[in-house]
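> Contents are compact mmCIF, C-alpha atoms; file name model37.txt:
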# COMPACT_ATOMS: atom_id res chain seq x y z
CA MET A 1 110.83 74.33 108.06
CA LYS A 2 112.05 75.54 104.69
CA LYS A 3 109.76 75.59 101.67
CA THR A 4 110.36 75.41 97.94
CA TYR A 5 108.80 78.17 95.85
CA VAL A 6 108.44 77.89 92.08
CA LEU A 7 108.07 81.34 90.49
CA ASP A 8 105.84 82.03 87.50
CA THR A 9 106.95 84.55 84.87
CA ASN A 10 104.30 87.12 85.81
CA VAL A 11 105.66 87.35 89.36
CA LEU A 12 109.10 88.43 88.12
CA LEU A 13 107.64 90.83 85.56
CA HIS A 14 105.48 92.32 88.34
CA ASP A 15 108.40 92.65 90.79
CA PRO A 16 111.95 91.83 89.68
CA THR A 17 113.08 91.78 93.32
CA ALA A 18 110.73 88.84 94.00
CA ILE A 19 113.81 86.64 93.63
CA PHE A 20 114.97 87.91 97.03
CA ALA A 21 111.57 88.06 98.79
CA PHE A 22 111.33 84.51 100.17
CA ASP A 23 113.67 84.77 103.16
CA ASP A 24 115.59 81.54 103.86
CA ASN A 25 113.50 79.32 101.58
CA HIS A 26 114.40 77.74 98.24
CA VAL A 27 113.45 79.65 95.08
CA ILE A 28 113.11 77.73 91.81
CA ILE A 29 112.86 79.41 88.40
CA PRO A 30 111.91 76.99 85.60
CA ILE A 31 113.98 77.40 82.44
CA VAL A 32 110.79 78.18 80.49
CA VAL A 33 110.37 81.28 82.69
CA ILE A 34 113.81 82.45 81.57
CA GLU A 35 112.68 81.99 77.96
CA GLU A 36 109.55 84.06 78.59
CA ILE A 37 111.57 86.77 80.36
CA ASP A 38 113.89 86.89 77.35
CA SER A 39 110.95 87.33 74.97
CA GLN A 40 109.84 90.46 76.87
CA LYS A 41 113.18 92.26 77.26
CA LYS A 42 112.89 94.42 74.11
CA ARG A 43 109.61 96.02 75.13
CA GLN A 44 109.86 99.76 75.86
CA ASP A 45 107.48 99.76 78.80
CA SER A 46 107.59 98.73 82.45
CA VAL A 47 107.29 95.05 81.52
CA GLY A 48 110.37 95.32 79.31
CA ARG A 49 112.30 97.18 81.99
CA ASN A 50 111.39 94.61 84.61
CA ALA A 51 112.42 91.78 82.26
CA ARG A 52 115.82 93.38 81.75
CA GLU A 53 116.18 93.93 85.49
CA VAL A 54 115.46 90.26 86.21
CA SER A 55 118.11 89.29 83.68
CA ARG A 56 120.64 91.57 85.37
CA TYR A 57 119.87 90.12 88.81
CA LEU A 58 120.35 86.58 87.51
CA ASP A 59 123.55 87.52 85.72
CA ASP A 60 124.94 89.01 88.94
CA LEU A 61 124.04 85.82 90.84
CA ARG A 62 126.17 83.83 88.39
CA ASP A 63 129.21 85.18 90.25
CA LYS A 64 128.16 83.06 93.24
CA GLY A 65 128.08 79.79 91.32
CA LYS A 66 126.23 77.84 88.67
CA LEU A 67 122.54 78.74 88.58
CA TYR A 68 121.45 75.24 87.60
CA GLU A 69 123.17 73.87 90.72
CA GLY A 70 121.77 76.60 92.98
CA VAL A 71 123.33 79.69 94.53
CA ALA A 72 123.01 81.14 98.02
CA LEU A 73 120.93 84.26 98.66
CA GLU A 74 121.64 86.88 101.33
CA LYS A 75 118.75 85.89 103.63
CA GLY A 76 119.89 82.27 103.82
CA GLY A 77 117.80 80.83 101.02
CA THR A 78 118.88 79.51 97.64
CA LEU A 79 117.98 80.16 94.02
CA ARG A 80 118.13 77.62 91.23
CA VAL A 81 117.20 77.65 87.57
CA GLU A 82 115.47 74.32 87.02
CA LEU A 83 116.31 72.47 83.81
CA ASN A 84 114.66 69.14 84.66
CA HIS A 85 111.23 68.02 85.89
CA GLN A 86 109.49 69.18 82.73
CA ASP A 87 107.97 65.85 81.75
CA GLY A 88 104.74 66.57 79.94
CA ASP A 89 103.45 63.10 80.89
CA LEU A 90 102.86 64.51 84.40
CA LEU A 91 100.02 66.59 82.97
CA PRO A 92 96.53 65.21 82.30
CA LEU A 93 95.19 64.82 78.80
CA GLY A 94 93.79 68.01 77.37
CA LEU A 95 96.59 70.29 78.57
CA ASP A 96 98.91 71.41 75.77
CA LYS A 97 102.37 70.16 76.81
CA LYS A 98 104.10 72.87 74.73
CA LYS A 99 102.32 75.79 76.35
CA PRO A 100 104.69 77.71 78.68
CA ASP A 101 102.16 77.84 81.56
CA ASN A 102 101.69 74.08 81.42
CA ARG A 103 105.45 73.47 81.28
CA ILE A 104 105.76 75.52 84.47
CA LEU A 105 103.02 73.39 86.04
CA ALA A 106 104.81 70.22 84.96
CA THR A 107 108.03 71.49 86.55
CA ALA A 108 106.27 72.23 89.84
CA ILE A 109 104.57 68.80 89.86
CA GLY A 110 107.88 67.07 89.12
CA LEU A 111 109.61 68.92 91.95
CA SER A 112 106.80 68.04 94.36
CA ARG A 113 107.42 64.34 93.62
CA ASP A 114 111.20 64.54 93.93
CA PRO A 115 112.28 63.05 97.31
CA GLU A 116 115.37 65.29 97.39
CA ILE A 117 113.34 68.50 97.23
CA GLU A 118 112.22 70.10 100.50
CA LYS A 119 108.46 70.16 100.86
CA PRO A 120 106.02 71.72 100.47
CA VAL A 121 106.55 72.83 96.87
CA ILE A 122 104.46 75.95 96.21
CA LEU A 123 103.80 77.57 92.84
CA VAL A 124 103.75 81.37 93.15
CA THR A 125 101.77 83.05 90.38
CA LYS A 126 99.66 86.16 89.84
CA ASP A 127 97.61 84.31 87.20
CA ILE A 128 94.29 83.25 88.75
CA ASN A 129 93.77 80.48 86.19
CA MET A 130 97.21 79.06 86.97
CA ARG A 131 96.24 78.85 90.63
CA VAL A 132 92.96 77.16 89.69
CA LYS A 133 94.74 74.61 87.48
CA SER A 134 97.30 73.99 90.22
CA ASP A 135 94.53 73.21 92.68
CA ALA A 136 92.92 70.83 90.18
CA LEU A 137 96.26 69.05 89.82
CA GLY A 138 96.75 68.74 93.56
CA LEU A 139 99.55 71.29 93.60
CA GLU A 140 99.78 74.03 96.22
CA ALA A 141 99.69 77.54 94.71
CA GLU A 142 99.71 81.08 96.08
CA ASP A 143 99.48 84.63 94.85
CA TYR A 144 102.56 86.80 95.28
CA GLU A 145 101.66 88.42 98.58
CA THR A 146 104.64 90.75 99.10
CA ASN A 147 103.61 94.44 99.12
CA LYS A 148 99.94 93.55 99.54
CA VAL A 149 97.65 95.47 101.86
CA ASN A 150 94.14 94.77 103.08
CA ILE A 151 91.96 97.26 101.21
CA ASP A 152 89.24 96.93 103.86
CA GLU A 153 91.68 98.20 106.50
CA LEU A 154 93.28 100.90 104.35
CA TYR A 155 94.16 104.09 106.20
CA VAL A 156 91.53 106.74 105.33
CA GLY A 157 93.24 109.84 106.75
CA LEU A 158 90.21 111.15 108.68
CA THR A 159 88.87 110.09 112.07
CA ASN A 160 85.73 111.20 113.94
CA LEU A 161 86.09 112.06 117.61
CA LYS A 162 83.40 112.88 120.18
CA VAL A 163 84.63 115.57 122.59
CA ASP A 164 83.32 118.13 125.07
CA SER A 165 82.03 121.26 123.34
CA LYS A 166 84.43 123.37 125.43
CA LEU A 167 87.33 121.69 123.63
CA ILE A 168 85.88 122.73 120.27
CA ASP A 169 85.51 126.30 121.53
CA LYS A 170 89.14 126.21 122.69
CA LEU A 171 90.31 125.11 119.23
CA TYR A 172 88.56 128.07 117.61
CA SER A 173 89.85 130.58 120.17
CA GLU A 174 93.43 129.35 120.73
CA LYS A 175 94.01 127.80 117.27
CA GLU A 176 95.44 124.61 118.78
CA ILE A 177 94.57 121.97 121.35
CA ASN A 178 96.15 118.88 122.88
CA LEU A 179 94.34 115.58 122.53
CA GLU A 180 95.48 112.61 124.59
CA GLN A 181 95.28 110.21 121.70
CA ASP A 182 97.72 108.88 119.09
CA PHE A 183 97.31 110.14 115.54
CA TYR A 184 99.27 109.64 112.34
CA PRO A 185 101.20 112.67 111.03
CA ASN A 186 98.86 115.02 109.16
CA GLU A 187 95.81 112.94 110.05
CA PHE A 188 92.53 114.87 109.98
CA ILE A 189 90.14 114.84 112.92
CA LEU A 190 86.47 115.79 112.88
CA LEU A 191 85.61 116.92 116.40
CA GLU A 192 81.93 116.52 117.27
CA ASP A 193 80.04 117.51 120.40
CA ASN A 194 79.57 114.43 122.58
CA LEU A 195 76.20 115.75 123.74
CA GLY A 196 74.80 115.61 120.22
CA SER A 197 74.64 119.29 119.22
CA SER A 198 75.60 120.39 115.70
CA GLN A 199 78.83 121.98 116.92
CA SER A 200 81.87 120.51 115.19
CA ALA A 201 85.36 121.37 113.97
CA LEU A 202 87.58 119.95 111.24
CA CYS A 203 91.26 120.00 112.17
CA ARG A 204 94.61 118.33 111.43
CA TYR A 205 97.21 116.75 113.70
CA ASP A 206 100.55 118.56 113.43
CA ASP A 207 103.21 115.97 114.24
CA LYS A 208 105.97 118.59 114.59
CA SER A 209 104.31 120.35 117.52
CA GLY A 210 102.26 117.39 118.73
CA VAL A 211 99.02 119.39 118.75
CA VAL A 212 95.82 119.57 116.74
CA LYS A 213 95.36 122.71 114.64
CA PRO A 214 92.66 124.15 112.36
CA LEU A 215 93.04 123.62 108.62
CA ILE A 216 95.34 126.02 106.80
CA PHE A 217 92.84 126.06 103.91
CA GLN A 218 90.33 128.70 104.97
CA LYS A 219 89.52 130.20 101.56
CA PRO A 220 86.07 129.76 100.01
CA GLU A 221 87.62 128.30 96.84
CA CYS A 222 90.82 127.31 95.05
CA TRP A 223 91.12 128.22 91.35
CA GLY A 224 87.34 128.55 91.21
CA ILE A 225 86.67 125.17 92.84
CA LYS A 226 84.76 125.11 96.11
CA PRO A 227 85.12 122.02 98.33
CA ARG A 228 81.71 120.34 98.54
CA ASN A 229 82.37 118.05 101.51
CA LYS A 230 84.77 117.66 104.41
CA GLU A 231 87.03 115.20 102.56
CA GLN A 232 87.52 117.66 99.69
CA GLN A 233 88.31 120.39 102.22
CA CYS A 234 90.93 118.08 103.76
CA ALA A 235 92.34 117.37 100.30
CA PHE A 236 92.81 121.10 99.60
CA ASP A 237 94.47 121.49 103.00
CA LEU A 238 97.08 118.90 102.01
CA LEU A 239 97.46 120.12 98.44
CA LEU A 240 98.10 123.74 99.44
CA ASN A 241 100.51 122.93 102.28
CA ASP A 242 104.06 123.25 100.92
CA GLU A 243 105.52 121.33 103.87
CA ILE A 244 103.73 118.15 102.81
CA LYS A 245 105.68 116.71 99.88
CA LEU A 246 103.75 113.53 99.09
CA ILE A 247 99.96 113.27 98.95
CA THR A 248 97.73 110.33 98.09
CA LEU A 249 94.08 110.89 97.15
CA VAL A 250 91.97 107.75 96.96
CA GLY A 251 88.32 107.58 96.00
CA LYS A 252 85.80 106.15 93.59
CA ALA A 253 84.97 107.75 90.26
CA GLY A 254 83.53 111.25 90.49
CA THR A 255 84.82 112.17 93.95
CA GLY A 256 86.97 114.96 92.49
CA LYS A 257 90.47 113.56 93.01
CA THR A 258 91.99 114.74 89.73
CA LEU A 259 90.03 117.99 89.60
CA LEU A 260 91.13 119.04 93.10
CA ALA A 261 94.76 118.17 92.40
CA LEU A 262 94.77 120.13 89.12
CA ALA A 263 93.07 123.14 90.71
CA ALA A 264 95.67 123.23 93.49
CA GLY A 265 98.46 122.74 90.94
CA LEU A 266 97.30 125.68 88.83
CA GLU A 267 96.95 127.81 91.97
CA LYS A 268 100.45 126.98 93.14
CA VAL A 269 102.19 127.25 89.76
CA VAL A 270 100.32 129.97 87.86
CA GLU A 271 99.09 132.23 90.66
CA GLU A 272 101.44 131.76 93.62
CA LYS A 273 104.47 130.72 91.53
CA SER A 274 105.56 128.39 94.34
CA PHE A 275 106.69 125.80 91.78
CA LYS A 276 108.30 126.10 88.35
CA ARG A 277 105.93 123.80 86.54
CA LEU A 278 102.82 121.64 86.82
CA LEU A 279 103.70 118.16 85.53
CA VAL A 280 100.75 115.84 84.95
CA THR A 281 101.25 112.19 84.04
CA ARG A 282 99.37 108.91 84.02
CA PRO A 283 100.15 105.29 83.13
CA ILE A 284 99.22 104.18 79.64
CA VAL A 285 97.06 101.16 80.43
CA PRO A 286 94.12 100.62 78.05
CA MET A 287 90.62 99.74 79.23
CA GLY A 288 89.25 97.19 76.78
CA ASN A 289 90.91 96.83 73.38
CA ASP A 290 94.24 98.60 72.91
CA LEU A 291 94.27 101.52 70.45
CA GLY A 292 97.50 100.25 68.91
CA TYR A 293 99.94 102.60 67.20
CA LEU A 294 98.74 106.17 66.87
CA PRO A 295 99.78 108.66 64.17
CA GLY A 296 101.52 111.97 64.74
CA ASP A 297 104.27 113.30 67.00
CA LYS A 298 104.63 112.47 70.70
CA ASP A 299 102.05 115.04 71.84
CA GLU A 300 99.50 113.83 69.28
CA LYS A 301 100.08 110.21 70.31
CA LEU A 302 99.58 111.11 73.96
CA ARG A 303 96.39 113.12 73.45
CA PRO A 304 93.92 110.17 73.62
CA TRP A 305 95.56 108.87 76.80
CA MET A 306 95.69 112.31 78.41
CA GLN A 307 92.21 113.39 77.31
CA PRO A 308 90.71 113.07 80.84
CA ILE A 309 93.39 115.50 82.05
CA PHE A 310 92.61 117.94 79.23
CA ASP A 311 88.89 117.69 80.05
CA ASN A 312 89.51 118.64 83.68
CA MET A 313 91.99 121.34 82.69
CA GLU A 314 89.58 122.91 80.21
CA PHE A 315 86.86 122.91 82.87
CA LEU A 316 89.17 124.69 85.32
CA VAL A 317 90.69 127.19 82.91
CA GLY A 318 87.43 127.87 81.08
CA GLY A 319 85.77 128.82 84.34
CA GLN A 320 88.49 131.38 85.12
CA ARG A 321 88.70 133.29 81.86
CA ASP A 322 86.52 134.11 78.87
CA GLU A 323 89.10 133.02 76.28
CA ASP A 324 88.98 129.63 74.61
CA ALA A 325 90.17 127.10 77.21
CA SER A 326 92.28 125.05 74.77
CA ASP A 327 94.14 128.20 73.68
CA ILE A 328 94.90 129.11 77.30
CA ILE A 329 96.18 125.60 78.03
CA GLN A 330 98.38 125.78 74.93
CA ASP A 331 99.72 129.17 76.06
CA LEU A 332 100.56 127.75 79.49
CA GLN A 333 102.32 124.82 77.82
CA ASP A 334 104.26 127.17 75.54
CA MET A 335 105.30 129.13 78.64
CA ASN A 336 106.55 125.84 80.11
CA LEU A 337 104.20 126.19 83.08
CA ILE A 338 102.29 123.00 82.29
CA GLU A 339 103.70 119.73 81.02
CA MET A 340 101.73 116.58 80.27
CA GLU A 341 103.84 113.48 79.97
CA ALA A 342 103.46 109.71 79.80
CA LEU A 343 104.99 107.83 82.71
CA THR A 344 107.21 106.03 80.22
CA TYR A 345 109.28 109.21 79.85
CA ILE A 346 109.57 109.96 83.59
CA ARG A 347 112.09 107.21 84.31
CA GLY A 348 115.65 108.47 84.58
CA ARG A 349 114.69 112.11 85.12
CA SER A 350 115.36 114.27 88.15
CA ILE A 351 112.45 116.63 88.68
CA PRO A 352 113.07 119.59 91.03
CA GLN A 353 110.72 122.44 91.99
CA GLN A 354 107.66 121.00 90.29
CA PHE A 355 104.08 120.17 91.25
CA ILE A 356 103.64 116.59 89.99
CA ILE A 357 100.29 114.84 89.61
CA VAL A 358 100.26 111.10 88.88
CA ASP A 359 96.71 110.23 87.85
CA GLU A 360 95.28 106.68 87.78
CA ALA A 361 98.10 105.52 90.08
CA GLN A 362 96.14 102.36 90.97
CA ASN A 363 97.40 100.90 87.68
CA LEU A 364 101.00 101.01 88.90
CA THR A 365 102.88 98.29 90.72
CA PRO A 366 104.67 99.02 94.02
CA HIS A 367 107.95 98.76 92.11
CA GLU A 368 106.80 101.37 89.58
CA ILE A 369 105.62 103.66 92.38
CA LYS A 370 109.08 103.49 93.92
CA THR A 371 110.65 104.30 90.54
CA ILE A 372 108.46 107.39 90.14
CA ILE A 373 108.90 108.81 93.63
CA THR A 374 112.67 108.41 93.48
CA ARG A 375 112.60 110.85 90.53
CA VAL A 376 111.38 113.65 92.81
CA GLY A 377 113.94 116.43 93.24
CA GLU A 378 114.32 119.23 95.78
CA ASP A 379 111.25 121.38 96.55
CA THR A 380 108.98 119.14 94.47
CA LYS A 381 105.51 118.08 95.59
CA ILE A 382 103.98 114.89 94.21
CA ILE A 383 100.31 113.88 94.30
CA LEU A 384 99.07 110.42 93.39
CA THR A 385 95.38 109.87 92.74
CA GLY A 386 93.34 106.81 91.90
CA ASP A 387 90.49 104.40 92.55
CA PRO A 388 91.73 100.99 93.81
CA TYR A 389 88.50 99.38 92.59
CA GLN A 390 88.97 100.45 88.96
CA ILE A 391 92.12 98.66 87.85
CA ASP A 392 92.92 97.86 84.23
CA HIS A 393 96.28 96.18 84.88
CA PRO A 394 95.97 92.37 84.36
CA TYR A 395 98.01 91.39 87.43
CA LEU A 396 96.97 94.04 89.96
CA ASP A 397 93.97 94.22 92.26
CA SER A 398 92.68 96.48 95.02
CA ASN A 399 95.08 94.90 97.51
CA SER A 400 98.28 94.65 95.46
CA ASN A 401 98.45 97.90 93.47
CA GLY A 402 101.10 100.53 94.12
CA LEU A 403 98.70 103.25 95.29
CA THR A 404 97.29 101.36 98.29
CA TYR A 405 100.79 100.07 99.08
CA LEU A 406 102.06 103.65 99.14
CA VAL A 407 99.23 104.84 101.41
CA GLU A 408 100.07 102.21 104.02
CA ARG A 409 103.84 102.60 103.84
CA PHE A 410 103.81 106.41 104.13
CA LYS A 411 101.03 106.94 106.68
CA GLU A 412 103.58 107.41 109.49
CA GLU A 413 105.82 109.84 107.57
CA LYS A 414 105.75 113.53 108.51
CA ILE A 415 106.12 114.80 104.93
CA ALA A 416 103.19 112.73 103.63
CA GLY A 417 99.42 113.11 103.84
CA HIS A 418 96.42 111.07 102.74
CA ILE A 419 92.68 111.41 102.45
CA THR A 420 90.06 109.01 101.11
CA LEU A 421 87.19 110.74 99.32
CA HIS A 422 83.85 108.98 99.66
CA LYS A 423 81.10 111.15 98.18
CA GLY A 424 80.77 111.47 94.42
CA GLU A 425 80.29 115.06 93.25
CA ARG A 426 80.43 114.68 89.46
CA SER A 427 76.69 114.21 89.04
CA THR A 428 73.79 112.36 90.63
CA LEU A 429 73.93 109.73 87.89
CA ALA A 430 77.71 109.25 88.21
CA GLU A 431 77.40 108.86 91.99
CA LEU A 432 74.60 106.33 91.59
CA ALA A 433 76.57 104.35 88.98
CA ALA A 434 79.70 104.26 91.17
CA SER A 435 77.65 102.93 94.08
CA VAL A 436 75.20 100.58 92.37
CA LEU A 437 76.97 99.12 89.33
Please render this file's structure as structure tokens.

Amino acid sequence: MKKTYVLDTNVLLHDPTAIFAFDDNHVIIPIVVIEEIDSQKKRQDSVGRNAREVSRYLDDLRDKGKLYEGVALEKGGTLRVELNHQDGDLLPLGLDKKKPDNRILATAIGLSRDPEIEKPVILVTKDINMRVKSDALGLEAEDYETNKVNIDELYVGLTNLKVDSKLIDKLYSEKEINLEQDFYPNEFILLEDNLGSSQSALCRYDDKSGVVKPLIFQKPECWGIKPRNKEQQCAFDLLLNDEIKLITLVGKAGTGKTLLALAAGLEKVVEEKSFKRLLVTRPIVPMGNDLGYLPGDKDEKLRPWMQPIFDNMEFLVGGQRDEDASDIIQDLQDMNLIEMEALTYIRGRSIPQQFIIVDEAQNLTPHEIKTIITRVGEDTKIILTGDPYQIDHPYLDSNSNGLTYLVERFKEEKIAGHITLHKGERSTLAELAASVL
């Protein structure tokens, strides 16, 4: 049975391809949504780009017929821009009939009462209050579920396995073992003695050879940073392995995600010279009130947004040399070994032979994640870090953000690796706050 889906503006601004995501069902876009899309098209951020992309999709669909009459989509469904069913009298008293959200509600209610429209009529919106109002009005409403993952079932990258102690001895002596069990590529395994002794071994599944091998990271430290737990040791193993091109590090605040990535980046770029440049970027999404326009050139404008990166960088560089850390960072930037950039300026670039770190990636949509990763050129390694429970984006949550989506979609790929960090190492207070508050 086909359904009729009415799309809210925020769905299209979240994912412009949502137009095509409803299989063989009917997709309705109220004319007020087109007006709202038009009002966003001049913005110079991801919202503006998505608005322009929606407009291009709709313009291309005009070649198939008149949008107000409905046009066929590739999967068998239809799309129509709805001009009617906007009678404000359908709304209860107290709702402003001129407000765009309420006009969308009125359109959905009108369609649900039209005998010629296939039922059920479902409003799709990422606005929680819109879903609440829809329920109060007796209208079926859903969140946009495409690209969502269950955060409680998110792949963690490390599994514990009870084995015979002789198998652990064999791993240490022969440097590889076969385990009759299915693992994801580059998944870490903690082997523990099934008889309860303290004997254990941390290893990684090598999908190319089909065997389990010890970690390649056997050094006591990387750029002065010593791994404090098994997850951090696994993270360094991924970060320092040039064969793994995409890495996701997930964990709550204080687990060391950004610090580990920066330490490995400095090691690979400055010391080993395996990459031309360390490129660090993060989305500009404010927590709380926006700072507004900032004075100065591009670097001065970016400084407040990139300050957490500078803090970590100064900690790393200051621990290596006696010179002033800020001067060393500036020297590395002048030598073009380190670049700090806003994600806004990444789009359209091709980035070869670089070590890229995308911090706070939980504030990106799946569509934005795709845009970033498609910028990666030959011999480039990209690391995405973030905490899915600390999201500042108004229409993302722990299940729908681009970072968790990426973890699930790439867990079976040989060139990708993931580890979830659990233990906070910043300070006792920070660990307690992340757990209790």
> I need the residue nearest Ala325 of chain A from this list: A:Glu118, A:Asp182, A:Asp311, A:Glu412. Use all atoms listed in the file for the distance.
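Selected residue with least distance to Ala325 of chain A: A:Asp311.
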> Which polymer residues, whether protein, DNA or RNA, lie within 12 Å of the coordinate (117.4, 94.5, 85.6) when you count all atoms listed in the file? List them as a PyMOL selection string, using the chain letters and numbers from the file.
chain A and resi 12-13+15-17+19+37-38+41+46-60
> One number please: atom CA of Asn241 of chain A to atom CA of Ser274 of chain A, in Å, one decimal.
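Straight-line distance from atom CA of Asn241 of chain A to atom CA of Ser274 of chain A works out to 10.9 Å.
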> Do you know which residues are at most 7 Å from Leu158 of chain A counting all atoms listed in the file, after dropping those on the same chain fewer than 5 positions away, and could you put them as a list in words?
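My reading of the contact set: Glu187, Phe188, Ile189 and Ile419 of chain A.
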> What are the centre and edge lengths in Å, to one decimal, of the axis-aligned box around all listed atoms of segment 35-38 of chain A with 3 Å added on each side, as AutoDock Vina command-line options?

--center_x 111.7 --center_y 84.4 --center_z 78.9 --size_x 10.3 --size_y 10.9 --size_z 9.0
> What lies within 7 Å of Leu215 of chain A using only C-alpha atoms, ignoring chain neighbours under 2 positions off, as a list in words?
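What passes the distance filter is Cys203, Arg204, Lys213, Phe217, Gln218 and Asp237 of chain A.
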> Mind pulling up the distance from atom CA of Lys411 of chain A to atom CA of Glu153 of chain A?
12.8 Å
> For segment 74-88 of chain A, list every protein, DNA or RNA residue within 9 Å, evaluated using only C-alpha atoms, and leave out those in the same chain fewer than 4 positions away; present the list as a ChimeraX atom specification.
/A:2,19-32,34,61,66-70,92,96-98,102-111,114
> Can you work out the spacing between atom CA of Ser427 of chain A and atom CA of Leu316 of chain A in Å, to one decimal?
16.7 Å
> Which residues are close to Tyr172 of chain A, i.e. within 12 Å by all atoms listed in the file, leaving aside same-chain residues fewer than 2 positions away? Reply as an mmCIF file with C-alpha atoms, in the frame of the given file.

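Saved as part38.cif:
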data_model
loop_
_atom_site.group_PDB
_atom_site.id
_atom_site.type_symbol
_atom_site.label_atom_id
_atom_site.label_comp_id
_atom_site.auth_asym_id
_atom_site.auth_seq_id
_atom_site.Cartn_x
_atom_site.Cartn_y
_atom_site.Cartn_z
ATOM 1 C CA SER A 165 82.030 121.260 123.340
ATOM 2 C CA LYS A 166 84.430 123.370 125.430
ATOM 3 C CA LEU A 167 87.330 121.690 123.630
ATOM 4 C CA ILE A 168 85.880 122.730 120.270
ATOM 5 C CA ASP A 169 85.510 126.300 121.530
ATOM 6 C CA LYS A 170 89.140 126.210 122.690
ATOM 7 C CA GLU A 174 93.430 129.350 120.730
ATOM 8 C CA LYS A 175 94.010 127.800 117.270
ATOM 9 C CA GLU A 176 95.440 124.610 118.780
ATOM 10 C CA ILE A 177 94.570 121.970 121.350
ATOM 11 C CA LEU A 191 85.610 116.920 116.400
ATOM 12 C CA GLN A 199 78.830 121.980 116.920
ATOM 13 C CA SER A 200 81.870 120.510 115.190
ATOM 14 C CA ALA A 201 85.360 121.370 113.970
ATOM 15 C CA LEU A 202 87.580 119.950 111.240
ATOM 16 C CA CYS A 203 91.260 120.000 112.170
ATOM 17 C CA VAL A 212 95.820 119.570 116.740
ATOM 18 C CA LYS A 213 95.360 122.710 114.640
ATOM 19 C CA PRO A 214 92.660 124.150 112.360
ATOM 20 C CA LEU A 215 93.040 123.620 108.620
#
> Which residue out of A:Leu384, A:Leu95, A:Ile247, A:Ala263 has the minimum interatomic distance to Ile415 of chain A when all atoms listed in the file are used?
A:Ile247
> Please return, as a JSON list (two decimals) with C-alpha atoms, keeping the file's coordinate frame, all polymer residues that have at least one atom within 9 Å of the point (90.4, 127.1, 90.2); use all atoms listed in the file and the file's own coordinate frame.

[["chain", "number", "residue", "atom", "x", "y", "z"],
["A", 221, "GLU", "CA", 87.62, 128.30, 96.84],
["A", 222, "CYS", "CA", 90.82, 127.31, 95.05],
["A", 223, "TRP", "CA", 91.12, 128.22, 91.35],
["A", 224, "GLY", "CA", 87.34, 128.55, 91.21],
["A", 225, "ILE", "CA", 86.67, 125.17, 92.84],
["A", 226, "LYS", "CA", 84.76, 125.11, 96.11],
["A", 260, "LEU", "CA", 91.13, 119.04, 93.10],
["A", 262, "LEU", "CA", 94.77, 120.13, 89.12],
["A", 263, "ALA", "CA", 93.07, 123.14, 90.71],
["A", 264, "ALA", "CA", 95.67, 123.23, 93.49],
["A", 266, "LEU", "CA", 97.30, 125.68, 88.83],
["A", 267, "GLU", "CA", 96.95, 127.81, 91.97],
["A", 316, "LEU", "CA", 89.17, 124.69, 85.32],
["A", 317, "VAL", "CA", 90.69, 127.19, 82.91],
["A", 319, "GLY", "CA", 85.77, 128.82, 84.34],
["A", 320, "GLN", "CA", 88.49, 131.38, 85.12]]
> Counting only C-alpha atoms, what is within 8 Å of segment 121-133 of chain A, bar same-chain residues fewer than 2 positions away, as a PyMOL selection string?
chain A and resi 3-11+101+108+111-112+118-119+135-137+139-144+395
> For Thr385 of chain A, which residue out of A:Ala416, A:Ile329, A:Leu249, A:Val269 is the nearest one, using all atoms listed in the file?
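The shortest atom-to-atom distance to Thr385 of chain A comes from A:Leu249.
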> So, counting all atoms listed in the file, which residue among A:Gly256, A:Lys276, A:Glu368, A:Thr146 is closest to Ala430 of chain A?
A:Gly256
